[in-house]
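What follows is a set of notes on a single structure, which appears directly below.
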Amino acid sequence: MRRKIAALALTTLATLAAGSAMAQMPSPDKIHKAWDKNADGVVDKAEWVAAGRKEERFAQVDADGDGKITVEELTTAMSKMKARRQQQGDAPQTPPPADH
C-alpha cells in the first residue's frame with residue numbers, strides 16, 4: 001500500500017513539474033527575437049545553428065522554404081510540437097534556450 005501511495009505521489013509531482021515547465025517556456029516571439037542576432041526579423045540557418053538547434057530541423061520549421069524562419073513559422077511549429085506531445089502523452093523537454 002505504501003508503494004502505491006509513493007508511486008501516486010511521484011506521478012502527481014511529475015505531472016505538476018511538467019505543467020510548470022510548459023508554463024515557463026518563453027513565447028515564440030521572445031525565442032525568435034533572441035535567436036535573430038542581426039535583428040532583421042527572421043532567423044536564418046546560421047542563426048538557428050548558433051542557437052544550438054539541429055541543422056536538419058531547420059527545414060521542418062521553415063514552412064515556405066525560403067531559408068528564413070519568421071515568428072509565425074516558429075509559432076506554428078511550436079504549436080504543432082506541443083499538440084503532438086500532448087497527444088502522445090510525452091513529458092515536455094527542456095525549452096529551447098532564449099539567450100542563444
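Following the order of the C-alpha cells, chains are lettered A, B, ..., residues in each are numbered from 1, and ligands are numbered from 1.
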
12 Å contact set for segment 30-36 of chain A, only C-alpha atoms, chain neighbours under 3 positions out, as JSON, numbers by chain: {"A": [25, 26, 27, 39, 40, 41, 42, 43, 44, 45, 46, 47, 48, 49, 50, 51, 52, 53, 68, 69, 70, 71, 72, 73, 74, 75, 78, 95, 96, 97, 98, 99, 100]}

Dump as a compact mmCIF listing (two decimals), in the first residue's frame, selection limited to N, CA and C atoms:
```
# COMPACT_ATOMS: atom_id res chain seq x y z
N MET A 25 7.92 28.16 -20.37
CA MET A 25 8.55 28.24 -21.67
C MET A 25 8.37 29.64 -22.25
N PRO A 26 9.44 30.25 -22.72
CA PRO A 26 9.32 31.58 -23.32
C PRO A 26 8.42 31.55 -24.55
N SER A 27 7.83 32.67 -24.86
CA SER A 27 6.95 32.75 -26.02
C SER A 27 7.78 32.60 -27.30
N ALA A 39 18.97 41.04 -36.00
CA ALA A 39 17.74 41.83 -35.86
C ALA A 39 17.10 42.20 -37.20
N ASP A 40 17.14 41.27 -38.16
CA ASP A 40 16.50 41.54 -39.45
C ASP A 40 15.07 41.00 -39.51
N GLY A 41 14.58 40.46 -38.40
CA GLY A 41 13.19 40.00 -38.35
C GLY A 41 12.99 38.55 -38.71
N VAL A 42 14.05 37.86 -39.11
CA VAL A 42 13.97 36.44 -39.44
C VAL A 42 15.18 35.71 -38.86
N VAL A 43 15.04 34.41 -38.70
CA VAL A 43 16.15 33.58 -38.25
C VAL A 43 16.62 32.76 -39.44
N ASP A 44 17.87 32.94 -39.85
CA ASP A 44 18.40 32.14 -40.95
C ASP A 44 19.05 30.88 -40.38
N LYS A 45 19.52 30.02 -41.26
CA LYS A 45 20.07 28.74 -40.81
C LYS A 45 21.29 28.93 -39.90
N ALA A 46 22.14 29.90 -40.19
CA ALA A 46 23.32 30.14 -39.35
C ALA A 46 22.91 30.55 -37.94
N GLU A 47 21.90 31.41 -37.83
CA GLU A 47 21.41 31.82 -36.52
C GLU A 47 20.76 30.65 -35.78
N TRP A 48 20.04 29.84 -36.52
CA TRP A 48 19.38 28.64 -35.97
C TRP A 48 20.42 27.71 -35.34
N VAL A 49 21.46 27.42 -36.10
CA VAL A 49 22.52 26.52 -35.62
C VAL A 49 23.27 27.17 -34.45
N ALA A 50 23.54 28.46 -34.55
CA ALA A 50 24.23 29.18 -33.47
C ALA A 50 23.42 29.15 -32.17
N ALA A 51 22.09 29.02 -32.29
CA ALA A 51 21.22 28.95 -31.12
C ALA A 51 21.20 27.54 -30.51
N GLY A 52 21.96 26.63 -31.13
CA GLY A 52 22.04 25.28 -30.59
C GLY A 52 20.99 24.33 -31.13
N ARG A 53 20.34 24.70 -32.20
CA ARG A 53 19.30 23.87 -32.80
C ARG A 53 19.93 22.96 -33.85
N LYS A 68 14.41 31.22 -44.34
CA LYS A 68 14.25 32.15 -43.21
C LYS A 68 13.07 31.69 -42.37
N ILE A 69 13.22 31.79 -41.05
CA ILE A 69 12.13 31.43 -40.15
C ILE A 69 11.56 32.71 -39.56
N THR A 70 10.27 32.92 -39.81
CA THR A 70 9.57 34.07 -39.26
C THR A 70 9.00 33.70 -37.89
N VAL A 71 8.53 34.70 -37.18
CA VAL A 71 7.88 34.46 -35.88
C VAL A 71 6.66 33.57 -36.10
N GLU A 72 5.93 33.79 -37.17
CA GLU A 72 4.73 33.00 -37.45
C GLU A 72 5.08 31.53 -37.69
N GLU A 73 6.16 31.29 -38.45
CA GLU A 73 6.57 29.90 -38.70
C GLU A 73 7.01 29.23 -37.41
N LEU A 74 7.74 29.94 -36.56
CA LEU A 74 8.18 29.37 -35.28
C LEU A 74 6.99 29.10 -34.38
N THR A 75 6.04 30.02 -34.34
CA THR A 75 4.83 29.85 -33.53
C THR A 75 4.06 28.62 -33.98
N MET A 78 6.00 25.42 -33.02
CA MET A 78 5.94 25.15 -31.58
C MET A 78 4.56 24.65 -31.18
N PRO A 95 12.86 23.59 -22.68
CA PRO A 95 12.57 24.54 -23.75
C PRO A 95 13.86 25.02 -24.40
N PRO A 96 13.77 25.44 -25.65
CA PRO A 96 14.97 25.95 -26.32
C PRO A 96 15.47 27.18 -25.60
N PRO A 97 16.78 27.34 -25.49
CA PRO A 97 17.32 28.49 -24.76
C PRO A 97 17.00 29.79 -25.50
N ALA A 98 16.44 30.74 -24.79
CA ALA A 98 16.08 32.02 -25.39
C ALA A 98 17.27 32.95 -25.51
N ASP A 99 18.36 32.63 -24.85
CA ASP A 99 19.51 33.51 -24.87
C ASP A 99 20.55 33.10 -25.89
N HIS A 100 20.24 32.17 -26.77
CA HIS A 100 21.22 31.73 -27.77
C HIS A 100 20.89 32.24 -29.11
```

DSSP helix (DSSP H, G or I) residues within segment 16-55 of chain A, as a ChimeraX atom specification: /A:16-24,28-35,45-50,55

Atom CA of Arg84 of chain A to atom CA of Val61 of chain A, straight-line distance in Å: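 According to the coordinates, atom CA of Val61 of chain A and atom CA of Arg84 of chain A are separated by 14.7 Å.
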
Pairwise distance for atom CA of Met81 of chain A and atom CA of Lys54 of chain A, rounded to one decimal in Å: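 It comes out at 15.2 Å.
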
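The two atoms in question, atom CA of Ser79 of chain A and atom CA of Pro28 of chain A, are spaced 9.5 Å apart.
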
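Using only C-alpha atoms for every distance, the candidate list A:Asp29, A:Gln88, A:Asn38, A:Ala77 yields A:Ala77 as the residue closest to Arg57 of chain A.
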